[in-house]
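Student: This is the structure I have questions about; it appears just below.
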Amino acid sequence: MGIAHFEKVSFARFSTDWQKYFPHLSLEALRSAYDALQLPMRATGGSAGYDFKAPIRMMIPQQSGVMIPSGIRVRMDRHYVLMLFPRSGLGARYRLQLNNTVGIIDSDYYEADNEGHILCPLYNDSRTQKDLVLQAGDGMLQGIFVPFGITDDDYTDGVRSGGFGSTDGNR
């Protein structure tokens, strides 16, 4: 019984977001990275997490962070949320963290103005002077789908338009 479906965002969205954070990348390099994108998958039948892969090779120096546009969006059932966490091995070796602590991808984010493009704000909090090098295709995050409930008196009628912080004014 599936509750979600991963897809690529359009190449236009992918390249726009990459050029925002990495303006030195050529369109040819971005096209190659886009064509090679892998949709998140579980590694084993018992795995809870869907592995998100690095779209390009990059280095995250110790005590610094980067925003990585994943190239991925997800359509999911209304009463589920996708929670993103660093891969446990990267967390143990590099203290890799998400700058927003846990990535929360709501079901209505799929329809956001940015195509629901999942952006990954990663921070290398290494205390051992280790720079983190991710090769294209290396696992960087894991996403876990979690059901959630709402209260009896929930009358929310706000509409999402974007990502980070976009729902603050919907109260």
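To be explicit about the labels: the chains of the structure tokens are called A, B, and onward in the order shown, and within each one the residues are counted from 1, while ligands get numbers from 1 in the order they are shown.
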If you count only C-alpha atoms, which residues fall within 8 Å of Ile118 in chain A, apart from same-chain ones fewer than 2 positions away, as an MDAnalysis selection string?
Tutor: chainID A and resid 69:73 105 116 120
Student: Which residues in range 24-112 of chain A does DSSP call strand (DSSP E)? List them as a compact mmCIF listing (two decimals) with C-alpha atoms, in the first residue's frame.
Tutor:
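The file below, out18.txt, is the result:
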```txt
# COMPACT_ATOMS: atom_id res chain seq x y z
CA TYR A 50 14.24 6.66 1.56
CA ASP A 51 17.79 7.68 0.62
CA PHE A 52 18.24 11.07 -1.04
CA LYS A 53 21.37 11.21 -3.21
CA MET A 58 30.48 18.85 -3.67
CA MET A 59 32.52 19.61 -0.61
CA ILE A 60 31.01 20.95 2.60
CA SER A 64 29.95 25.55 7.15
CA GLY A 65 26.82 24.76 5.24
CA VAL A 66 25.30 24.62 1.78
CA MET A 67 21.82 24.54 0.30
CA ILE A 68 21.48 21.52 -1.96
CA PRO A 69 18.55 21.51 -4.39
CA ILE A 72 13.07 15.86 -6.17
CA ARG A 73 9.45 16.52 -5.26
CA VAL A 74 6.93 14.19 -3.65
CA ARG A 75 3.19 13.72 -3.95
CA MET A 76 1.76 12.08 -0.83
CA TYR A 80 1.26 12.20 5.89
CA VAL A 81 4.43 14.22 6.22
CA LEU A 82 7.90 13.40 4.88
CA MET A 83 10.56 14.00 7.54
CA LEU A 84 14.19 14.41 6.39
CA PHE A 85 17.21 13.49 8.49
CA PRO A 86 20.94 13.22 7.70
CA LEU A 96 26.09 16.47 9.45
CA GLN A 97 22.91 18.37 10.28
CA LEU A 98 20.02 20.05 8.57
CA GLY A 103 13.14 18.75 7.23
CA ILE A 104 9.33 18.73 7.20
CA ILE A 105 7.77 18.25 3.78
CA ASP A 106 4.01 18.75 3.99
```
Student: List every residue of range 117-148 of chain A that has an atom at most 12 Å from any atom of range 19-33 of chain A, giving for each one its closest atom pair and the distance in Å to one decimal, counting only C-alpha atoms, sorted by chain and then by ascending residue number, as CSV.
Tutor:
```
residue,atom,partner,partner_atom,distance
A:Leu119,CA,A:Tyr21,CA,10.7
A:Cys120,CA,A:Tyr21,CA,11.5
A:Pro121,CA,A:Tyr21,CA,10.9
A:Gln135,CA,A:Ala33,CA,11.5
A:Ala136,CA,A:Ala33,CA,8.0
A:Gly137,CA,A:Ala33,CA,9.6
```
Student: Could you write those residues out with C-alpha atoms, as a short mmCIF file (atom, residue, chain, number, x, y, z; two decimals), in the first residue's frame?
Tutor:
```cif
data_model
loop_
_atom_site.label_atom_id
_atom_site.label_comp_id
_atom_site.auth_asym_id
_atom_site.auth_seq_id
_atom_site.Cartn_x
_atom_site.Cartn_y
_atom_site.Cartn_z
CA LEU A 119 15.85 21.91 -0.82
CA CYS A 120 18.35 20.51 1.65
CA PRO A 121 20.13 23.00 3.96
CA GLN A 135 30.23 12.39 -4.75
CA ALA A 136 27.32 12.58 -7.19
CA GLY A 137 25.04 9.70 -6.23
#
```
Student: Taking into account only C-alpha atoms, which residue in the set A:Arg42, A:Lys8, A:Arg78, A:Lys130 is nearest to Pro55 in chain A?
Tutor: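 Of all the options, A:Lys8 lies closest to Pro55 in chain A.
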Student: Would you give me, as an MDAnalysis selection string, the residues in range 20-144 of chain A that DSSP reads as helix (DSSP H, G or I)?
Tutor: chainID A and resid 20:21 27:36 88:94 107:111
Student: What does the structure give for the distance between CA of Leu141 in chain A and CA of Leu37 in chain A, in Å to one decimal?
Tutor: 14.4 Å
Student: Find the residues around Gln62 in chain A up to 9 Å (only C-alpha atoms counted), leave out those fewer than 6 positions away in its own chain, and share them as JSON, numbers by chain.
Tutor: {"A": [94, 123, 124, 125, 126, 127, 128, 129, 130, 131, 132]}
Student: Filtering to all heavy atoms, could you give me those residues as a compact mmCIF listing (two decimals), in the first residue's frame?
Tutor:
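Saved the output as out_32.txt:
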```
# COMPACT_ATOMS: atom_id res chain seq x y z
N TYR A 94 30.60 13.23 10.67
CA TYR A 94 30.79 14.66 10.37
C TYR A 94 29.88 15.57 11.16
O TYR A 94 29.92 16.78 10.97
CB TYR A 94 30.55 14.92 8.88
CG TYR A 94 31.52 14.21 7.98
CD1 TYR A 94 31.21 12.96 7.46
CD2 TYR A 94 32.75 14.78 7.66
CE1 TYR A 94 32.09 12.29 6.63
CE2 TYR A 94 33.63 14.12 6.84
CZ TYR A 94 33.30 12.87 6.34
OH TYR A 94 34.18 12.22 5.52
N TYR A 123 24.59 21.26 7.00
CA TYR A 123 25.67 21.90 7.74
C TYR A 123 26.63 20.83 8.26
O TYR A 123 26.21 19.87 8.90
CB TYR A 123 25.11 22.70 8.92
CG TYR A 123 26.15 23.56 9.59
CD1 TYR A 123 26.49 24.80 9.07
CD2 TYR A 123 26.82 23.11 10.72
CE1 TYR A 123 27.46 25.58 9.67
CE2 TYR A 123 27.80 23.88 11.32
CZ TYR A 123 28.11 25.12 10.79
OH TYR A 123 29.08 25.89 11.37
N ASN A 124 27.92 21.01 7.97
CA ASN A 124 28.97 20.11 8.46
C ASN A 124 29.49 20.68 9.77
O ASN A 124 30.28 21.62 9.78
CB ASN A 124 30.09 20.01 7.43
CG ASN A 124 31.26 19.16 7.90
OD1 ASN A 124 31.25 18.62 8.99
ND2 ASN A 124 32.28 19.06 7.06
N ASP A 125 29.04 20.12 10.87
CA ASP A 125 29.42 20.60 12.20
C ASP A 125 30.60 19.80 12.77
O ASP A 125 30.72 19.63 13.98
CB ASP A 125 28.21 20.51 13.15
CG ASP A 125 28.42 21.28 14.43
OD1 ASP A 125 29.19 22.27 14.44
OD2 ASP A 125 27.82 20.88 15.45
N SER A 126 31.48 19.30 11.89
CA SER A 126 32.61 18.48 12.31
C SER A 126 33.44 19.21 13.35
O SER A 126 33.77 20.38 13.20
CB SER A 126 33.49 18.14 11.11
OG SER A 126 34.65 17.47 11.55
N ARG A 127 33.76 18.49 14.41
CA ARG A 127 34.63 19.04 15.45
C ARG A 127 36.03 18.46 15.33
O ARG A 127 36.87 18.69 16.18
CB ARG A 127 34.05 18.71 16.84
CG ARG A 127 32.62 19.17 17.05
CD ARG A 127 32.53 20.68 17.22
NE ARG A 127 31.18 21.18 17.15
CZ ARG A 127 30.33 21.26 18.15
NH1 ARG A 127 30.68 20.84 19.34
NH2 ARG A 127 29.12 21.75 17.98
N THR A 128 36.25 17.69 14.26
CA THR A 128 37.55 17.04 14.08
C THR A 128 38.25 17.53 12.81
O THR A 128 39.09 16.84 12.26
CB THR A 128 37.39 15.51 14.02
OG1 THR A 128 36.50 15.20 12.95
CG2 THR A 128 36.86 14.97 15.33
N GLN A 129 37.88 18.70 12.36
CA GLN A 129 38.49 19.33 11.19
C GLN A 129 38.38 18.46 9.94
O GLN A 129 39.34 18.32 9.19
CB GLN A 129 39.94 19.71 11.48
CG GLN A 129 40.05 20.67 12.65
CD GLN A 129 41.45 21.18 12.86
OE1 GLN A 129 42.38 20.85 12.14
NE2 GLN A 129 41.61 22.03 13.86
N LYS A 130 37.20 17.90 9.71
CA LYS A 130 36.96 17.07 8.54
C LYS A 130 36.02 17.79 7.58
O LYS A 130 34.91 18.17 7.96
CB LYS A 130 36.28 15.75 8.92
CG LYS A 130 37.12 14.78 9.67
CD LYS A 130 36.30 13.49 9.79
CE LYS A 130 36.79 12.59 10.86
NZ LYS A 130 35.91 11.43 11.05
N ASP A 131 36.48 17.96 6.35
CA ASP A 131 35.60 18.44 5.29
C ASP A 131 34.84 17.24 4.75
O ASP A 131 35.40 16.15 4.63
CB ASP A 131 36.41 19.09 4.16
CG ASP A 131 37.12 20.36 4.60
OD1 ASP A 131 36.68 21.00 5.58
OD2 ASP A 131 38.13 20.71 3.97
N LEU A 132 33.56 17.44 4.45
CA LEU A 132 32.74 16.36 3.91
C LEU A 132 32.70 16.48 2.40
O LEU A 132 32.34 17.53 1.86
CB LEU A 132 31.32 16.46 4.48
CG LEU A 132 30.26 15.56 3.84
CD1 LEU A 132 30.64 14.09 3.93
CD2 LEU A 132 28.91 15.81 4.49
```
Student: Between CA of Glu111 in chain A and CA of Ile3 in chain A, what is the distance, to one decimal in Å?
Tutor: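 CA of Ile3 in chain A lies at a distance of 16.6 Å from CA of Glu111 in chain A.
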Student: Which residue gives the smallest distance to His5 in chain A among A:Thr44, A:Asn99, A:Thr156, A:Ser107, with only C-alpha atoms counted?
Tutor: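 Closest to His5 in chain A, using only C-alpha atoms: A:Ser107.
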Student: Quick one: everything within 8 Å of Phe14 in chain A, counting only C-alpha atoms, minus sequence neighbours fewer than 4 positions away in the same chain. Send it as a PDB file with C-alpha atoms, in the first residue's frame.
Tutor:
```pdb
ATOM      1  CA  VAL A   9      11.097  18.642 -10.685  1.00  0.00           C
ATOM      2  CA  SER A  10      11.352  20.173 -14.153  1.00  0.00           C
ATOM      3  CA  TRP A  18      21.095  25.387  -8.550  1.00  0.00           C
ATOM      4  CA  TYR A  34      19.581  16.326 -13.800  1.00  0.00           C
ATOM      5  CA  PRO A  69      18.552  21.510  -4.391  1.00  0.00           C
ATOM      6  CA  GLY A  71      15.816  17.873  -7.895  1.00  0.00           C
ATOM      7  CA  HIS A 117      11.355  21.244  -4.984  1.00  0.00           C
TER       8      HIS A 117
END
```
